[in-house]
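A.B. asks: Let me begin by handing over the structure; questions about it come next.
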2 protein chains.
Amino acid sequence: MILANKGQSVVPDISFIGGTALTLNKTNDIIENAQIDILHGRIVSIKSVSKPTQLLAKKIIDASGCLVMPGLINGHTHTGMTLLRGIADDLPLHNWLNDKIFPLEKKWVSKDFVYLGNLLAQLEMIRSGTTIFNDMYYFEAAAAQAVQESGLRAICGQTLVEISGVEDTQKIFAQFDQYLEAIAHFPRVLPAIAPHSIYGVSDPVWEKITQYASERSLRVHLHLQETKSEVEDCQKKRNMTPTEFFEKVGLFRNKTIVAHAVCMEEKDISILSKYQVGVIHNPESNLKLGSLIAPVVKMRDAGVSIGLGTDGTASNNNLDLLEEADTALKLQIFQTGVGKLKALDVVRMLTLEGAKALKLDHEIGSLEVGKSADLIAVNTEFPHAVPLYDPFSHLAYSASGRDVKHSVVGGSVLMENGKVLTLDEKAILQEAKQWGRRIASGIS
Amino acid sequence: MILANKGQSVVPDISFIGGTALTLNKTNDIIENAQIDILHGRIVSIKSVSKPTQLLAKKIIDASGCLVMPGLINGHTHTGMTLLRGIADDLPLHNWLNDKIFPLEKKWVSKDFVYLGNLLAQLEMIRSGTTIFNDMYYFEAAAAQAVQESGLRAICGQTLVEISGVEDTQKIFAQFDQYLEAIAHFPRVLPAIAPHSIYGVSDPVWEKITQYASERSLRVHLHLQETKSEVEDCQKKRNMTPTEFFEKVGLFRNKTIVAHAVCMEEKDISILSKYQVGVIHNPESNLKLGSLIAPVVKMRDAGVSIGLGTDGTASNNNLDLLEEADTALKLQIFQTGVGKLKALDVVRMLTLEGAKALKLDHEIGSLEVGKSADLIAVNTEFPHAVPLYDPFSHLAYSASGRDVKHSVVGGSVLMENGKVLTLDEKAILQEAKQWGRRIASGIS
């Protein structure tokens, strides 16, 4: 029981019992036979209880045989395009975007498309242990609506991209004001402005974005230096890298999160570190689209906080973060040799370090008293989890999102015993398949 | 119904109904609403049946919402060491072997260790859609015994490795004779001789192995050119690559399967192609142990048949072949650019091409009338499988072994509705955990 003021005892809303808690806190405490109490959406107690007595929580979640840990953080997604999963494989980034994705999006993207795509993506994310995602897409208010229903947490970034030349900036920002208003009442949604990339937004607009974000303390979420050609084109045009350009226009004075950071020079990395820009590493997408491997170890050594992301389902093609961590770790071993990045490191990237990259580490990312109750239980009663000599090794190298059993966000139970409670899975799959058939038949 | 001789109708033992059959045959036929009939362990009929009438099979397996395909082929395993899963991460190959794995094996490997490790591995393999594995370890008769119980199919390779100098070859081969006798009565086990590597077996013994295998038509299974140092050492010592050495001693006149083939020169690839040596690509293990990426596209272009393997669980750390395929494909995109290797290619590597690498393509690897009934049903009623525009894209980029619902080998049902029928999962996990605790406490 939790003692409130004046000696009154307060019954927790939820108690997780029986699992091994991986707190992912600064000292990486691991607590066997953990009892984690949750009250009013926050963690209020974590202790080892060999034999729970007088359990007085309103709800008990049995985490026996599980690793209980902070919910996983997906630092870079395009959930609104989930209905395009697997529609365009085998193309490098710029062809993929220009020849397939942009035309398909032009044809199909609408509020309904984004809303359903989000229900589908969020269903998959809950099932695979994600508790917060940092998104960038169109009709983002529809994404936020889906978040309201799914119970997840999200940073919703409305995309800015000038496909047909420089647009009317007054109109852009007026629309953005409307967007901010539309999502202001969603309690688990944080707003972000998401200018696509150095090649997707014209130079004068960047200064305005910087100012707009600054005035509103908005997070800024963008793609950065994903390919060599992006950097080369920028050098030719501006005589500097995109990172240098963004520093020049003052963008990084805002809370900034950059996705990819693949083709980075030393000076770029120094700038990111100087401004504590958060980086999100998306290894599966990078490989699938023919890009290189981001210098994760180098950036972390320089003090940059790095989280993991799946990118959109059209370039992955699932949203399984534990698989992403496995790939991330193995690629860094390939790139920098064995031992520079280890299992514990990628698990931290999925949790506290990812939270730091999103500037949310005061709230989430570790199991600590006072933090938001965003946590999951990963079942280890499977052949591929036995023997289990080291839980971080298991999570990085063997586990998958399919092992997640329970999920709680802000003290609300989103999934219990593998069953998602907040969304109608059957209906969502049915409707998504119908959309899939329409889209497939619409391809010339 | 199947008409036997003289117009008598024969009731199939099993009918798979309701799924989409990916035959993986030469013309890559895909059959919607497939009914696959199995009799006496073989496929006797595959057809599209929009509305099954008069289903007279002894057993009906409902594969609605599933992709039905040939069982997956794991071309390179060390199932006997599964109890060492996750025990030694973050070490490059030669340190990992010499400082950790060999000493641990010296301490723990026994008939019981191998037997239980196999029950655990085979449980995991059945669950994740593998129907045959090509193994190399010690006490391999214990592996074969486990195969007898699990219902899987296997090529069991008794390892030859001279850890402490050249051993008495007469003794080696006498023991091998005993091994062959011990496993001769297992119907789903094929024998192989498994000399570890160029650095694990001395030169004079290779000639004897060549002859021994040839006299008995034995398959030979070995590690080949996994690292640069292996090749450099061989060059220094013999003035040729390991592949050239093995050609010289006549090894490749046997049915040979080589694992890794990472550091390969053009001439090595030509030799493998000339002798139709089967290659097994183990990308996750290669990355994890700090090796390079095998030139899969190059070797396939040269006419080499390549299958996929997981290697042992201490360097992966699971046995999920669909995840392995995802990694294999993305690494080849990284290495050779987008579009050289595609989703269908890796699915073929998991099935018919893998069978060809193991010299078993006349029996397994595709759903064809007359072939052995080794098949699985991969459930697609999941968020991460929706929409499903292309089944091969789904299998390669989104699915995982956790999606497998049914498994049949040689006409026997090993798993139905996700429940393994041939092994006692609970008992195996319990005993494996006990071993894990003993091994963990035995580490100084």
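Every chain in the structure tokens has a letter given in the order shown (A, B, ...), and although residue numbers restart at 1 in each chain, ligands are simply numbered from 1 in the order shown.
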If DSSP is run on the backbone, what residues of range 85-173 of chain A are strand (DSSP E)? A reply as a ChimeraX atom specification would be ideal.
C.D. replies: /A:130-137,153-160
A.B. asks: Using only C-alpha atoms and a cut-off of 6 Å, which residues of chain A sit close to chain B? Please list them as JSON, numbers by chain.
C.D. replies: {"A": [87, 90, 91, 92, 124, 287, 288, 290, 317, 318, 330, 333, 334, 337, 338, 339, 383, 384, 387, 389, 397, 398, 433, 436]}
A.B. asks: Excluding same-chain residues fewer than 6 positions from Leu55 in chain B, what lies within 10 Å of it counting only C-alpha atoms, as JSON, numbers by chain?
C.D. replies: {"B": [1, 11, 12, 15, 17, 35]}
A.B. asks: Go through B:His78, B:Lys359, B:Lys371, B:Arg438 one by one, measure the shortest atom-to-atom distance of each to Thr23 in chain B using only C-alpha atoms, and give the residue with the smallest value.
C.D. replies: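 Once distances to Thr23 in chain B are computed over only C-alpha atoms, the minimum belongs to B:Lys371.
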A.B. asks: Residues within 8 Å of Thr169 in chain A, please, as a list in words. Count only C-alpha atoms; anything in the same chain fewer than 3 positions from it doesn't count.
C.D. replies: Ile172, Phe173 and Val205 of chain A
A.B. asks: Expressed in Å to a single decimal, how great is the separation between CA of Ser229 in chain B and CA of Leu358 in chain B?
C.D. replies: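 Between these atoms lies a distance of 27.0 Å.
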A.B. asks: Considering only C-alpha atoms, state which residue in the set B:Asp13, B:Glu162, B:Asp424, B:Asp135 is at the smallest distance from Ser202 in chain B.
C.D. replies: B:Glu162
A.B. asks: Please, which residues of range 165-353 of chain A, numbered as in this document, come out alpha helix (DSSP H) from DSSP, as a PyMOL selection string?
C.D. replies: chain A and resi 169-183+203-216+228-238+242-248+266-274+283-288+296-301+321-336+343-350+352-353
A.B. asks: Restricted to C-alpha atoms, what would the selected residues look like written as an mmCIF file, in the first residue's frame?
C.D. replies:
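Contents of result.cif, as written:
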```
data_model
loop_
_atom_site.group_PDB
_atom_site.id
_atom_site.type_symbol
_atom_site.label_atom_id
_atom_site.label_comp_id
_atom_site.auth_asym_id
_atom_site.auth_seq_id
_atom_site.Cartn_x
_atom_site.Cartn_y
_atom_site.Cartn_z
ATOM 1 C CA THR A 169 3.922 30.887 -46.070
ATOM 2 C CA GLN A 170 1.107 32.836 -44.511
ATOM 3 C CA LYS A 171 -1.266 30.090 -45.566
ATOM 4 C CA ILE A 172 1.120 27.389 -44.292
ATOM 5 C CA PHE A 173 1.316 28.845 -40.826
ATOM 6 C CA ALA A 174 -2.347 29.717 -40.635
ATOM 7 C CA GLN A 175 -3.100 26.089 -41.371
ATOM 8 C CA PHE A 176 -0.586 25.107 -38.739
ATOM 9 C CA ASP A 177 -2.301 27.298 -36.165
ATOM 10 C CA GLN A 178 -5.504 25.417 -36.950
ATOM 11 C CA TYR A 179 -3.706 22.108 -36.556
ATOM 12 C CA LEU A 180 -2.371 23.071 -33.128
ATOM 13 C CA GLU A 181 -5.838 24.064 -32.046
ATOM 14 C CA ALA A 182 -7.356 20.840 -33.373
ATOM 15 C CA ILE A 183 -5.060 18.647 -31.280
ATOM 16 C CA ASP A 203 15.338 28.140 -47.573
ATOM 17 C CA PRO A 204 13.297 31.233 -46.655
ATOM 18 C CA VAL A 205 10.644 29.036 -45.057
ATOM 19 C CA TRP A 206 13.180 27.486 -42.686
ATOM 20 C CA GLU A 207 13.750 30.781 -40.911
ATOM 21 C CA LYS A 208 10.026 31.197 -40.451
ATOM 22 C CA ILE A 209 9.712 27.636 -39.131
ATOM 23 C CA THR A 210 12.481 28.345 -36.637
ATOM 24 C CA GLN A 211 10.664 31.402 -35.377
ATOM 25 C CA TYR A 212 7.236 29.784 -35.370
ATOM 26 C CA ALA A 213 8.482 26.826 -33.352
ATOM 27 C CA SER A 214 10.415 29.038 -30.978
ATOM 28 C CA GLU A 215 7.421 31.236 -30.176
ATOM 29 C CA ARG A 216 5.354 28.188 -29.310
ATOM 30 C CA LYS A 228 24.971 11.158 -49.943
ATOM 31 C CA SER A 229 23.088 12.952 -52.713
ATOM 32 C CA GLU A 230 21.140 14.984 -50.157
ATOM 33 C CA VAL A 231 24.411 16.244 -48.706
ATOM 34 C CA GLU A 232 26.107 16.760 -52.071
ATOM 35 C CA ASP A 233 23.165 18.717 -53.480
ATOM 36 C CA CYS A 234 23.131 20.916 -50.405
ATOM 37 C CA GLN A 235 26.874 21.519 -50.625
ATOM 38 C CA LYS A 236 26.532 22.514 -54.266
ATOM 39 C CA LYS A 237 23.642 24.848 -53.588
ATOM 40 C CA ARG A 238 24.629 26.408 -50.263
ATOM 41 C CA PRO A 242 22.253 20.582 -44.210
ATOM 42 C CA THR A 243 23.278 20.477 -40.547
ATOM 43 C CA GLU A 244 25.375 23.602 -40.959
ATOM 44 C CA PHE A 245 22.488 25.275 -42.757
ATOM 45 C CA PHE A 246 20.039 24.425 -39.985
ATOM 46 C CA GLU A 247 22.478 25.726 -37.394
ATOM 47 C CA LYS A 248 22.826 28.915 -39.430
ATOM 48 C CA GLU A 266 32.594 15.253 -37.815
ATOM 49 C CA LYS A 267 31.510 18.879 -37.872
ATOM 50 C CA ASP A 268 27.873 17.865 -38.292
ATOM 51 C CA ILE A 269 28.089 15.550 -35.304
ATOM 52 C CA SER A 270 29.670 18.322 -33.207
ATOM 53 C CA ILE A 271 26.825 20.645 -34.066
ATOM 54 C CA LEU A 272 24.201 18.060 -33.109
ATOM 55 C CA SER A 273 25.993 17.475 -29.833
ATOM 56 C CA LYS A 274 26.375 21.192 -29.129
ATOM 57 C CA PRO A 283 18.549 0.983 -39.644
ATOM 58 C CA GLU A 284 16.033 -1.287 -41.378
ATOM 59 C CA SER A 285 14.656 1.546 -43.476
ATOM 60 C CA ASN A 286 18.142 2.799 -44.305
ATOM 61 C CA LEU A 287 19.183 -0.640 -45.557
ATOM 62 C CA LYS A 288 15.946 -1.268 -47.448
ATOM 63 C CA VAL A 296 25.732 5.574 -34.217
ATOM 64 C CA VAL A 297 28.757 4.757 -32.077
ATOM 65 C CA LYS A 298 30.552 7.921 -33.204
ATOM 66 C CA MET A 299 27.545 10.082 -32.457
ATOM 67 C CA ARG A 300 26.963 8.549 -29.035
ATOM 68 C CA ASP A 301 30.641 8.983 -28.213
ATOM 69 C CA LEU A 321 11.181 -2.189 -32.336
ATOM 70 C CA LEU A 322 12.859 -5.207 -30.764
ATOM 71 C CA GLU A 323 13.719 -6.463 -34.243
ATOM 72 C CA GLU A 324 14.922 -2.955 -35.091
ATOM 73 C CA ALA A 325 17.228 -3.050 -32.052
ATOM 74 C CA ASP A 326 18.684 -6.381 -33.161
ATOM 75 C CA THR A 327 19.474 -4.963 -36.596
ATOM 76 C CA ALA A 328 20.848 -1.716 -35.156
ATOM 77 C CA LEU A 329 23.222 -3.552 -32.860
ATOM 78 C CA LYS A 330 24.463 -6.008 -35.478
ATOM 79 C CA LEU A 331 25.074 -3.215 -37.979
ATOM 80 C CA GLN A 332 27.155 -1.274 -35.490
ATOM 81 C CA ILE A 333 29.189 -4.395 -34.790
ATOM 82 C CA PHE A 334 29.698 -4.683 -38.535
ATOM 83 C CA GLN A 335 30.670 -1.042 -38.833
ATOM 84 C CA THR A 336 32.800 -0.493 -35.741
ATOM 85 C CA ALA A 343 22.947 -5.154 -25.936
ATOM 86 C CA LEU A 344 22.329 -2.871 -22.961
ATOM 87 C CA ASP A 345 23.075 0.140 -25.154
ATOM 88 C CA VAL A 346 20.385 -0.627 -27.723
ATOM 89 C CA VAL A 347 17.885 -1.383 -24.987
ATOM 90 C CA ARG A 348 18.673 2.045 -23.545
ATOM 91 C CA MET A 349 18.208 3.518 -27.030
ATOM 92 C CA LEU A 350 14.733 1.955 -27.065
ATOM 93 C CA LEU A 352 15.661 6.226 -21.690
ATOM 94 C CA GLU A 353 18.010 7.424 -24.381
#
```
A.B. asks: What separation in Å, quoted to one decimal, exists between CA of Gly117 in chain A and CA of Gly129 in chain A?
C.D. replies: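 The value is 18.2 Å.
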A.B. asks: Can you list, as an NGL selection string, every protein, DNA or RNA residue that comes within 7 Å of Ser48 in chain A when you count only C-alpha atoms, leaving out same-chain residues fewer than 4 positions away?
C.D. replies: :A and (31-35)
A.B. asks: Write the selection just made, keeping N, CA and C atoms, as a compact mmCIF listing (two decimals), in the first residue's frame?
C.D. replies:
```
# COMPACT_ATOMS: atom_id res chain seq x y z
N ILE A 31 15.31 -5.50 -10.66
CA ILE A 31 14.62 -5.94 -9.44
C ILE A 31 13.86 -7.23 -9.71
N GLU A 32 14.30 -8.28 -9.00
CA GLU A 32 13.63 -9.58 -9.13
C GLU A 32 12.31 -9.55 -8.36
N ASN A 33 11.38 -10.39 -8.77
CA ASN A 33 10.08 -10.47 -8.06
C ASN A 33 9.54 -9.08 -7.78
N ALA A 34 9.49 -8.28 -8.83
CA ALA A 34 9.16 -6.87 -8.63
C ALA A 34 7.66 -6.65 -8.45
N GLN A 35 7.35 -5.75 -7.55
CA GLN A 35 5.99 -5.24 -7.45
C GLN A 35 6.05 -3.76 -7.79
```
A.B. asks: Identify, on the basis of only C-alpha atoms, every residue whose closest approach to Leu308 in chain A does not exceed 7 Å; exclude the query and any residue fewer than 5 positions from it along the same chain; express the result as an mmCIF file with C-alpha atoms, in the first residue's frame.
C.D. replies:
```
data_model
loop_
_atom_site.group_PDB
_atom_site.id
_atom_site.type_symbol
_atom_site.label_atom_id
_atom_site.label_comp_id
_atom_site.auth_asym_id
_atom_site.auth_seq_id
_atom_site.Cartn_x
_atom_site.Cartn_y
_atom_site.Cartn_z
ATOM 1 C CA ASN A 74 9.502 4.602 -31.643
ATOM 2 C CA GLY A 75 11.327 7.812 -32.452
ATOM 3 C CA ILE A 280 16.595 8.778 -34.388
ATOM 4 C CA HIS A 281 18.334 5.842 -36.034
ATOM 5 C CA ASN A 282 16.258 3.785 -38.500
ATOM 6 C CA MET A 349 18.208 3.518 -27.030
ATOM 7 C CA LEU A 350 14.733 1.955 -27.065
ATOM 8 C CA GLY A 354 15.165 7.493 -26.891
#
```
A.B. asks: Quick one: pull the distance between CA of Glu149 in chain A and CA of Met415 in chain A, Å, one decimal.
C.D. replies: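 Calculated distance between CA of Glu149 in chain A and CA of Met415 in chain A is 13.2 Å.
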A.B. asks: Using only C-alpha atoms, which protein or nucleic acid residues come within 6 Å of Val409 in chain B? Drop anything in the same chain fewer than 3 positions from it, and give the result as a PyMOL selection string.
C.D. replies: chain B and resi 373-374+412
A.B. asks: Write a file of the selected residues as a PDB file, in the first residue's frame, keeping N, CA, C and O atoms.
C.D. replies:
```
ATOM      1  N   ALA B 373       5.549 -34.267 -48.086  1.00  0.00           N
ATOM      2  CA  ALA B 373       4.625 -33.278 -47.499  1.00  0.00           C
ATOM      3  C   ALA B 373       5.277 -32.598 -46.305  1.00  0.00           C
ATOM      4  O   ALA B 373       4.978 -32.896 -45.145  1.00  0.00           O
ATOM      5  N   ASP B 374       6.177 -31.685 -46.609  1.00  0.00           N
ATOM      6  CA  ASP B 374       6.800 -30.843 -45.586  1.00  0.00           C
ATOM      7  C   ASP B 374       6.287 -29.442 -45.861  1.00  0.00           C
ATOM      8  O   ASP B 374       6.752 -28.781 -46.803  1.00  0.00           O
ATOM      9  N   SER B 412       3.140 -35.876 -41.247  1.00  0.00           N
ATOM     10  CA  SER B 412       2.771 -35.895 -39.821  1.00  0.00           C
ATOM     11  C   SER B 412       2.617 -34.468 -39.317  1.00  0.00           C
ATOM     12  O   SER B 412       3.442 -33.610 -39.627  1.00  0.00           O
TER      13      SER B 412
END
```
